[in-house]
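work-v1.cif follows (mmCIF, C-alpha atoms):
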```
data_query
#
loop_
_atom_site.label_atom_id
_atom_site.label_comp_id
_atom_site.auth_asym_id
_atom_site.auth_seq_id
_atom_site.Cartn_x
_atom_site.Cartn_y
_atom_site.Cartn_z
CA MET Q 1 74.94 82.50 93.98
CA ASN Q 2 74.30 82.45 97.73
CA ASP Q 3 76.92 83.64 100.21
CA VAL Q 4 78.47 80.20 100.78
CA THR Q 5 78.66 79.41 97.06
CA LEU Q 6 80.18 82.80 96.34
CA ALA Q 7 82.78 82.33 99.07
CA ILE Q 8 83.71 78.93 97.63
CA ALA Q 9 84.05 80.46 94.17
CA ARG Q 10 86.37 83.12 95.55
CA ASN Q 11 88.50 80.50 97.33
CA MET Q 12 88.75 78.49 94.13
CA PHE Q 13 89.83 81.61 92.24
CA HIS Q 14 92.44 82.40 94.91
CA LEU Q 15 93.85 78.90 94.46
CA GLN Q 16 94.03 79.41 90.68
CA ILE Q 17 95.92 82.66 91.20
CA HIS Q 18 98.46 81.00 93.51
CA GLU Q 19 99.04 78.16 91.04
CA ALA Q 20 99.24 80.37 87.93
CA ASP Q 21 102.73 81.36 86.80
CA GLY Q 22 103.78 82.48 83.35
CA GLN Q 23 101.46 81.43 80.54
CA ARG Q 24 98.82 80.00 82.89
CA PHE Q 25 98.28 83.40 84.48
CA GLU Q 26 98.20 85.11 81.08
CA ASP Q 27 95.54 82.64 79.92
CA LEU Q 28 93.50 83.29 83.08
CA PHE Q 29 93.75 87.06 82.58
CA SER Q 30 92.78 86.82 78.91
CA LYS Q 31 89.73 84.69 79.68
CA ILE Q 32 88.42 87.15 82.27
CA MET Q 33 89.12 90.16 80.06
CA GLY Q 34 87.45 88.46 77.10
CA TYR Q 35 84.28 88.12 79.17
CA LYS Q 36 84.54 91.64 80.61
CA HIS Q 37 85.06 93.49 77.35
CA ARG Q 38 83.94 92.26 73.92
CA GLY Q 39 86.61 94.37 72.27
CA PHE Q 40 89.50 92.74 74.12
CA GLN Q 41 91.88 90.78 71.90
CA ALA Q 42 94.56 88.50 73.29
CA VAL Q 43 97.89 88.48 71.44
CA ARG Q 44 99.86 85.26 71.17
CA PRO Q 45 103.60 85.10 70.44
CA TYR Q 46 104.20 84.06 66.84
CA GLY Q 47 107.44 82.56 65.56
CA ASN Q 48 110.53 84.68 66.09
CA ILE Q 49 108.58 87.97 66.26
CA GLY Q 50 106.90 87.12 69.58
CA ASP Q 51 103.96 89.28 70.67
CA ARG Q 52 105.84 92.54 70.16
CA LYS Q 53 105.29 93.55 73.80
CA ASN Q 54 101.51 93.31 73.58
CA ASP Q 55 99.75 90.55 75.58
CA GLY Q 56 96.29 91.96 74.85
CA TRP Q 57 94.58 95.14 73.71
CA ILE Q 58 91.27 96.97 73.26
CA GLU Q 59 91.60 98.84 69.98
CA SER Q 60 88.52 101.03 70.45
CA GLU Q 61 89.95 102.37 73.71
CA ASN Q 62 93.64 102.54 72.68
CA THR Q 63 94.35 100.31 75.67
CA TYR Q 64 97.18 97.78 75.95
CA PHE Q 65 98.12 95.16 78.54
CA GLN Q 66 101.42 93.52 79.40
CA VAL Q 67 101.26 90.47 81.70
CA TYR Q 68 103.96 89.41 84.15
CA ALA Q 69 103.70 86.38 86.45
CA PRO Q 70 106.99 85.44 88.15
CA CYS Q 71 107.18 82.62 90.69
CA ASP Q 72 108.04 85.11 93.43
CA VAL Q 73 107.54 88.79 92.66
CA THR Q 74 109.33 89.91 95.84
CA LYS Q 75 112.55 88.44 94.43
CA SER Q 76 112.00 89.79 90.90
CA ILE Q 77 111.43 93.48 91.66
CA ASN Q 78 114.46 94.84 89.78
CA SER Q 79 113.74 92.78 86.68
CA ALA Q 80 110.08 93.80 86.80
CA VAL Q 81 110.93 97.51 86.97
CA THR Q 82 113.39 97.14 84.09
CA LYS Q 83 110.84 95.14 82.11
CA LEU Q 84 108.25 97.90 82.48
CA LYS Q 85 110.08 100.51 80.45
CA LYS Q 86 111.42 98.04 77.88
CA ASP Q 87 107.94 96.64 77.32
CA LEU Q 88 106.39 100.08 76.89
CA GLU Q 89 109.13 101.24 74.52
CA GLY Q 90 108.72 98.03 72.49
CA LEU Q 91 104.95 98.45 72.49
CA LEU Q 92 105.20 102.01 71.19
CA ASN Q 93 107.69 100.96 68.55
CA HIS Q 94 105.53 98.14 67.16
CA TRP Q 95 101.93 99.26 67.79
CA ASP Q 96 101.67 103.03 68.20
CA ALA Q 97 101.48 103.70 64.45
CA LEU Q 98 98.69 101.15 64.08
CA CYS Q 99 96.68 102.26 67.12
CA PRO Q 100 98.12 105.05 69.32
CA VAL Q 101 98.93 103.88 72.83
CA LYS Q 102 96.91 105.97 75.29
CA LYS Q 103 96.47 103.54 78.17
CA PHE Q 104 99.01 100.97 79.35
CA TYR Q 105 98.46 98.44 82.13
CA PHE Q 106 101.07 96.16 83.64
CA VAL Q 107 99.18 93.08 84.89
CA LEU Q 108 101.10 91.46 87.74
CA ASN Q 109 100.31 88.21 89.51
CA ASP Q 110 101.19 89.41 92.99
CA LYS Q 111 99.39 86.42 94.54
CA TYR Q 112 97.55 88.83 96.83
CA LYS Q 113 100.76 90.11 98.38
CA GLY Q 114 100.60 93.55 96.80
CA ALA Q 115 102.75 95.13 94.10
CA PRO Q 116 106.12 96.57 95.19
CA PRO Q 117 106.10 100.41 95.45
CA GLN Q 118 108.86 100.60 92.84
CA LEU Q 119 106.43 99.37 90.18
CA HIS Q 120 103.79 101.97 91.00
CA GLN Q 121 106.43 104.71 91.02
CA LYS Q 122 107.81 103.57 87.66
CA MET Q 123 104.36 103.50 86.08
CA THR Q 124 103.74 107.08 87.23
CA GLU Q 125 107.07 108.13 85.69
CA LEU Q 126 106.26 106.37 82.41
CA LYS Q 127 102.82 107.95 82.24
CA LEU Q 128 104.40 111.40 82.40
CA GLU Q 129 107.37 110.58 80.18
CA PHE Q 130 105.28 109.20 77.32
CA GLY Q 131 102.20 111.40 77.77
CA LEU Q 132 99.76 108.55 78.41
CA ASP Q 133 96.16 109.07 79.54
CA ASP Q 134 96.57 106.28 82.07
CA ALA Q 135 99.25 103.83 83.18
CA SER Q 136 99.03 101.63 86.25
CA VAL Q 137 99.69 98.23 87.77
CA LEU Q 138 96.83 95.71 87.95
CA VAL Q 139 97.09 92.86 90.47
CA ALA Q 140 95.17 89.75 91.51
CA LYS Q 141 92.51 91.61 93.48
CA ASP Q 142 91.70 93.70 90.39
CA LEU Q 143 91.13 90.52 88.38
CA GLU Q 144 88.96 89.17 91.19
CA PHE Q 145 86.77 92.28 91.15
CA ASP Q 146 86.45 92.04 87.37
CA LEU Q 147 85.56 88.34 87.52
CA PHE Q 148 82.88 88.62 90.20
CA ASP Q 149 81.21 91.53 88.41
CA LEU Q 150 80.42 89.10 85.59
CA ARG Q 151 77.38 86.85 85.13
CA ASN Q 152 77.32 83.63 87.15
CA ASP Q 153 77.80 81.44 84.07
CA MET Q 154 80.99 83.35 83.18
CA ILE Q 155 82.28 83.06 86.75
CA LEU Q 156 81.70 79.30 86.67
CA SER Q 157 83.49 79.06 83.34
CA VAL Q 158 86.59 80.48 85.03
CA VAL Q 159 86.54 78.83 88.48
CA GLY Q 160 84.89 75.54 87.47
CA HIS Q 161 82.05 73.52 89.00
CA LEU Q 162 80.96 74.58 92.49
CA PRO Q 163 79.80 71.89 94.92
CA HIS Q 164 76.57 72.40 96.88
CA ILE Q 165 77.63 72.27 100.53
CA ASN Q 166 76.41 73.46 103.92
CA ASN Q 167 78.17 75.91 106.25
CA GLU Q 168 80.12 73.22 108.12
CA GLU Q 169 81.37 71.72 104.88
CA TYR Q 170 82.28 75.19 103.67
CA MET Q 171 84.46 75.80 106.72
CA PHE Q 172 86.37 72.63 105.89
CA VAL Q 173 86.79 73.62 102.22
CA SER Q 174 87.93 77.11 103.23
CA GLY Q 175 90.53 75.75 105.65
CA PHE Q 176 91.68 73.15 103.13
CA THR Q 177 92.11 75.84 100.45
CA CYS Q 178 94.14 78.10 102.76
CA PHE Q 179 96.41 75.23 103.79
CA ILE Q 180 97.00 73.83 100.29
CA THR Q 181 97.61 77.33 98.92
CA ALA Q 182 100.24 77.96 101.60
CA TRP Q 183 101.85 74.56 100.89
CA ILE Q 184 101.95 75.22 97.13
CA ASP Q 185 103.68 78.54 97.76
CA PHE Q 186 106.22 76.90 100.07
CA GLU Q 187 107.08 74.18 97.55
CA LYS Q 188 107.45 76.66 94.69
CA VAL Q 189 109.78 78.94 96.62
CA ALA Q 190 111.72 76.04 98.16
CA ARG Q 191 112.11 74.29 94.81
CA LYS Q 192 113.45 77.44 93.18
CA LYS Q 193 115.95 77.85 96.03
CA VAL Q 194 117.06 74.20 95.86
CA VAL Q 195 117.61 74.34 92.09
CA GLN Q 196 120.17 77.07 92.72
CA LEU Q 197 122.02 74.86 95.21
CA VAL Q 198 122.08 71.33 93.80
CA SER Q 199 122.06 69.56 90.47
CA GLN Q 200 118.78 67.71 90.46
CA ARG Q 201 116.90 66.72 87.32
CA ALA Q 202 114.04 64.83 88.92
CA PRO Q 203 111.31 67.09 90.39
CA LEU Q 204 111.52 67.53 94.14
CA GLY Q 205 108.73 67.99 96.63
CA GLY Q 206 107.69 67.57 100.23
CA LYS Q 207 110.25 66.05 102.57
CA SER Q 208 112.96 65.87 99.90
CA LEU Q 209 112.87 69.66 99.65
CA ILE Q 210 112.84 70.01 103.43
CA ARG Q 211 115.88 67.75 103.77
CA ILE Q 212 117.93 69.74 101.24
CA LEU Q 213 116.93 73.05 102.83
CA GLN Q 214 118.16 71.70 106.16
CA GLN Q 215 121.44 70.45 104.67
CA HIS Q 216 122.17 73.97 103.43
CA SER Q 217 121.15 75.59 106.76
CA LEU Q 218 118.25 77.47 105.21
CA ILE Q 219 115.85 76.24 107.90
CA ASN Q 220 116.48 75.29 111.52
CA GLU Q 221 115.73 72.05 113.34
CA GLY Q 222 112.40 73.34 114.63
CA ASP Q 223 111.34 74.28 111.09
CA VAL Q 224 112.31 70.81 109.85
CA VAL Q 225 110.10 69.09 112.44
CA PHE Q 226 107.23 71.50 111.79
CA LEU Q 227 107.41 71.26 107.98
CA GLY Q 228 107.63 67.47 108.18
CA LYS Q 229 104.39 67.48 110.17
CA MET Q 230 102.77 69.77 107.57
CA ALA Q 231 103.95 67.49 104.76
CA ASP Q 232 102.32 64.52 106.47
CA GLN Q 233 99.06 66.41 106.99
CA ARG Q 234 99.06 67.53 103.37
CA ASN Q 235 99.51 63.93 102.16
CA HIS Q 236 96.82 62.63 104.52
CA LEU Q 237 94.34 65.27 103.34
CA VAL Q 238 95.05 64.85 99.64
CA HIS Q 239 94.78 61.05 99.85
CA GLY Q 240 91.72 61.06 102.11
CA VAL Q 241 93.45 59.44 105.08
CA SER Q 242 92.46 62.30 107.39
CA LEU Q 243 90.20 65.35 107.33
CA THR Q 244 92.21 67.27 109.92
CA ILE Q 245 93.11 70.81 108.81
CA PRO Q 246 96.15 72.52 110.37
CA ARG Q 247 95.38 75.39 112.75
CA LYS Q 248 95.50 78.94 111.41
CA SER Q 249 98.61 79.61 113.50
CA GLU Q 250 100.34 76.66 111.79
CA ILE Q 251 99.38 77.90 108.34
CA ASP Q 252 100.64 81.37 109.28
CA ASN Q 253 103.93 79.85 110.44
CA MET Q 254 104.35 78.04 107.13
CA ILE Q 255 103.78 81.32 105.27
CA LEU Q 256 106.42 82.98 107.49
CA ILE Q 257 108.98 80.24 106.74
CA THR Q 258 108.27 80.62 103.00
CA GLU Q 259 108.83 84.38 103.16
CA LYS Q 260 112.15 83.89 104.96
CA LEU Q 261 113.40 81.63 102.15
#
```

Same coordinates, now as structure tokens:
Amino acid sequence: MNDVTLAIARNMFHLQIHEADGQRFEDLFSKIMGYKHRGFQAVRPYGNIGDRKNDGWIESENTYFQVYAPCDVTKSINSAVTKLKKDLEGLLNHWDALCPVKKFYFVLNDKYKGAPPQLHQKMTELKLEFGLDDASVLVAKDLEFDLFDLRNDMILSVVGHLPHINNEEYMFVSGFTCFITAWIDFEKVARKKVVQLVSQRAPLGGKSLIRILQQHSLINEGDVVFLGKMADQRNHLVHGVSLTIPRKSEIDNMILITEKL
């Protein structure tokens, strides 16, 4: 891959990471690990016994993985810390006799925001408490490094077909990816917030979300005007009406509004 193609592949992977919650992220992780290590085995939940706290393992290395992909990790810190110890205790209970647990990795979809310090601290405590050789948190950037160390055909299998474009076209694709990623994050966080406030069965998006956020004083009048403009630009881009990408400062502002929610 040349530099432009590689950059596009990375942008496409970033978009996958931002869209992947729950099972989608676990599937993405398992695919990359399956390519990276021939001995990796994914574990699927089965009936009422589940996966017995093991989302994947490498038997020859006594290594186990537990995957966690909440919609917003910053608002799930306490549950994530609690989940860590419960998962490890369950793992030891169900698997240690079969293949002693020596390495335990908690794979978190942090969406490139970084793992909370509480998780790293808890993993260090668990490593000492249970006498493990290694125990740590793996995040999106770790998966990215693993993916782009693979052969090109494996990378393409994960990110999909890459278009052949020039530098100018790449700049557009890069800006488009940043904007759509920021918009996806906003809608996910806003939708989760709205579900807590109103009874709404039909899926909400765009200006409907913005209107409800305003009604409950979660955003101010300036935010409403700005987000409405971003919603219009998103629709115009997606439907090919316009090729205008929001400025970086506008994308940064949308990220800031999302974090405040």

Between atom CA of Val159 of chain Q and atom CA of Met12 of chain Q, distance in Å (one decimal)
6.1 Å

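The coordinates place atom CA of Val67 of chain Q at 8.2 Å from atom CA of Phe25 of chain Q.
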
Report as a list in words all protein, DNA and RNA residues lying within 8 Å of Gly56 of chain Q, evaluated on only C-alpha atoms, omitting residues in the same chain fewer than 2 positions from it.
Ser30, Phe40, Gln41, Ala42, Val43, Asn54, Ile58, Tyr64, Phe65 and Gln66 of chain Q

Identify all residues satisfying the PyMOL selection byres ((chain Q and resi 118-123) around 9) in the given file; provide them as a PyMOL selection string.
chain Q and resi 77-78+80-81+84-85+104-106+115-117+124-128+135-137

Name the residues that the PyMOL selection byres ((chain Q and resi 237) around 12) picks from the file above, as a ChimeraX atom specification, using the file's chain letters and numbers.
/Q:172-173,175-177,179-180,230-236,238-246

Expanded to explicit residues, what is the PyMOL selection byres ((chain Q and resi 146-155) around 10) for this file, as a PyMOL selection string?
chain Q and resi 1+6+9-10+13+29+31-33+35-36+140-145+156-161

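Separating atom CA of Lys103 of chain Q from atom CA of Leu132 of chain Q is a distance of 6.0 Å.
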
Can you write out as a tab-separated table which residues of segment 204-229 of chain Q fall within 8 Å of segment 252-261 of chain Q, alongside each residue's closest atom pair and its distance in Å to one decimal, counting all atoms listed in the file and ordering rows by chain and ascending residue number?
```
residue	atom	partner	partner_atom	distance
Q:Leu218	CA	Q:Leu261	CA	7.1
Q:Asp223	CA	Q:Ile257	CA	7.7
Q:Leu227	CA	Q:Met254	CA	7.5
```

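Nearest-residue note for Pro70 of chain Q: choosing from Q:Gln215, Q:Gln16, Q:Gln23, Q:Thr82, the minimum distance belongs to Q:Gln23, counting all atoms listed in the file.
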
With 5 Å added on each side, what axis-aligned box encloses every listed atom of segment 177-187 of chain Q? Give the centre and edge lengths in Å to one decimal, as lines of an AutoDock Vina configuration file.
```
center_x = 99.6
center_y = 76.2
center_z = 100.5
size_x = 25.0
size_y = 14.7
size_z = 16.7
```

Residue nearest Thr181 of chain Q - candidates Q:Leu204, Q:Ala7, Q:Leu138, Q:Ile17, atoms counted: only C-alpha atoms
Q:Ile17

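Using only C-alpha atoms, the smallest distance between any of Q:Asp72, Q:Asp96, Q:Glu250, Q:Asp134 and Lys193 of chain Q comes from Q:Asp72.
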
Since the input lacks atoms, please generate N, CA, C and O atoms for segment 12-29 of chain Q and provide them as a PDB file, keeping the file's coordinate frame.
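And here's out_11.pdb as it stands now:
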```
ATOM      1  N   MET Q  12      88.259  79.234  95.286  1.00  0.00           N
ATOM      2  CA  MET Q  12      88.750  78.490  94.130  1.00  0.00           C
ATOM      3  C   MET Q  12      89.557  79.412  93.205  1.00  0.00           C
ATOM      4  O   MET Q  12      90.584  79.009  92.644  1.00  0.00           O
ATOM      5  N   PHE Q  13      89.087  80.653  93.068  1.00  0.00           N
ATOM      6  CA  PHE Q  13      89.830  81.610  92.240  1.00  0.00           C
ATOM      7  C   PHE Q  13      91.166  81.947  92.875  1.00  0.00           C
ATOM      8  O   PHE Q  13      92.198  82.035  92.187  1.00  0.00           O
ATOM      9  N   HIS Q  14      91.181  82.125  94.207  1.00  0.00           N
ATOM     10  CA  HIS Q  14      92.440  82.400  94.910  1.00  0.00           C
ATOM     11  C   HIS Q  14      93.444  81.272  94.660  1.00  0.00           C
ATOM     12  O   HIS Q  14      94.640  81.523  94.454  1.00  0.00           O
ATOM     13  N   LEU Q  15      92.971  80.041  94.693  1.00  0.00           N
ATOM     14  CA  LEU Q  15      93.850  78.900  94.460  1.00  0.00           C
ATOM     15  C   LEU Q  15      94.400  78.937  93.029  1.00  0.00           C
ATOM     16  O   LEU Q  15      95.591  78.655  92.809  1.00  0.00           O
ATOM     17  N   GLN Q  16      93.557  79.287  92.061  1.00  0.00           N
ATOM     18  CA  GLN Q  16      94.030  79.410  90.680  1.00  0.00           C
ATOM     19  C   GLN Q  16      95.124  80.465  90.570  1.00  0.00           C
ATOM     20  O   GLN Q  16      96.127  80.260  89.879  1.00  0.00           O
ATOM     21  N   ILE Q  17      94.926  81.584  91.240  1.00  0.00           N
ATOM     22  CA  ILE Q  17      95.920  82.660  91.200  1.00  0.00           C
ATOM     23  C   ILE Q  17      97.253  82.172  91.762  1.00  0.00           C
ATOM     24  O   ILE Q  17      98.323  82.424  91.187  1.00  0.00           O
ATOM     25  N   HIS Q  18      97.230  81.464  92.878  1.00  0.00           N
ATOM     26  CA  HIS Q  18      98.460  81.000  93.510  1.00  0.00           C
ATOM     27  C   HIS Q  18      99.178  79.944  92.662  1.00  0.00           C
ATOM     28  O   HIS Q  18     100.402  79.817  92.736  1.00  0.00           O
ATOM     29  N   GLU Q  19      98.441  79.207  91.859  1.00  0.00           N
ATOM     30  CA  GLU Q  19      99.040  78.160  91.040  1.00  0.00           C
ATOM     31  C   GLU Q  19      99.491  78.672  89.673  1.00  0.00           C
ATOM     32  O   GLU Q  19     100.230  77.993  88.972  1.00  0.00           O
ATOM     33  N   ALA Q  20      99.031  79.880  89.302  1.00  0.00           N
ATOM     34  CA  ALA Q  20      99.240  80.370  87.930  1.00  0.00           C
ATOM     35  C   ALA Q  20     100.514  81.194  87.807  1.00  0.00           C
ATOM     36  O   ALA Q  20     100.585  82.323  88.294  1.00  0.00           O
ATOM     37  N   ASP Q  21     101.511  80.631  87.153  1.00  0.00           N
ATOM     38  CA  ASP Q  21     102.730  81.360  86.800  1.00  0.00           C
ATOM     39  C   ASP Q  21     102.823  81.412  85.279  1.00  0.00           C
ATOM     40  O   ASP Q  21     102.288  80.559  84.575  1.00  0.00           O
ATOM     41  N   GLY Q  22     103.518  82.412  84.785  1.00  0.00           N
ATOM     42  CA  GLY Q  22     103.780  82.480  83.350  1.00  0.00           C
ATOM     43  C   GLY Q  22     102.531  82.440  82.490  1.00  0.00           C
ATOM     44  O   GLY Q  22     101.576  83.189  82.680  1.00  0.00           O
ATOM     45  N   GLN Q  23     102.529  81.507  81.523  1.00  0.00           N
ATOM     46  CA  GLN Q  23     101.460  81.430  80.540  1.00  0.00           C
ATOM     47  C   GLN Q  23     100.103  81.109  81.172  1.00  0.00           C
ATOM     48  O   GLN Q  23      99.061  81.574  80.699  1.00  0.00           O
ATOM     49  N   ARG Q  24     100.089  80.335  82.238  1.00  0.00           N
ATOM     50  CA  ARG Q  24      98.820  80.000  82.890  1.00  0.00           C
ATOM     51  C   ARG Q  24      98.115  81.241  83.416  1.00  0.00           C
ATOM     52  O   ARG Q  24      96.895  81.374  83.310  1.00  0.00           O
ATOM     53  N   PHE Q  25      98.883  82.166  83.982  1.00  0.00           N
ATOM     54  CA  PHE Q  25      98.280  83.400  84.480  1.00  0.00           C
ATOM     55  C   PHE Q  25      97.811  84.267  83.319  1.00  0.00           C
ATOM     56  O   PHE Q  25      96.741  84.884  83.379  1.00  0.00           O
ATOM     57  N   GLU Q  26      98.608  84.330  82.252  1.00  0.00           N
ATOM     58  CA  GLU Q  26      98.200  85.110  81.080  1.00  0.00           C
ATOM     59  C   GLU Q  26      96.901  84.572  80.488  1.00  0.00           C
ATOM     60  O   GLU Q  26      96.015  85.335  80.090  1.00  0.00           O
ATOM     61  N   ASP Q  27      96.773  83.247  80.439  1.00  0.00           N
ATOM     62  CA  ASP Q  27      95.540  82.640  79.920  1.00  0.00           C
ATOM     63  C   ASP Q  27      94.345  82.984  80.815  1.00  0.00           C
ATOM     64  O   ASP Q  27      93.243  83.260  80.330  1.00  0.00           O
ATOM     65  N   LEU Q  28      94.563  82.956  82.130  1.00  0.00           N
ATOM     66  CA  LEU Q  28      93.500  83.290  83.080  1.00  0.00           C
ATOM     67  C   LEU Q  28      93.084  84.753  82.905  1.00  0.00           C
ATOM     68  O   LEU Q  28      91.879  85.063  82.853  1.00  0.00           O
ATOM     69  N   PHE Q  29      94.040  85.640  82.798  1.00  0.00           N
ATOM     70  CA  PHE Q  29      93.750  87.060  82.580  1.00  0.00           C
ATOM     71  C   PHE Q  29      92.967  87.272  81.288  1.00  0.00           C
ATOM     72  O   PHE Q  29      91.966  87.998  81.264  1.00  0.00           O
TER      73      PHE Q  29
END
```
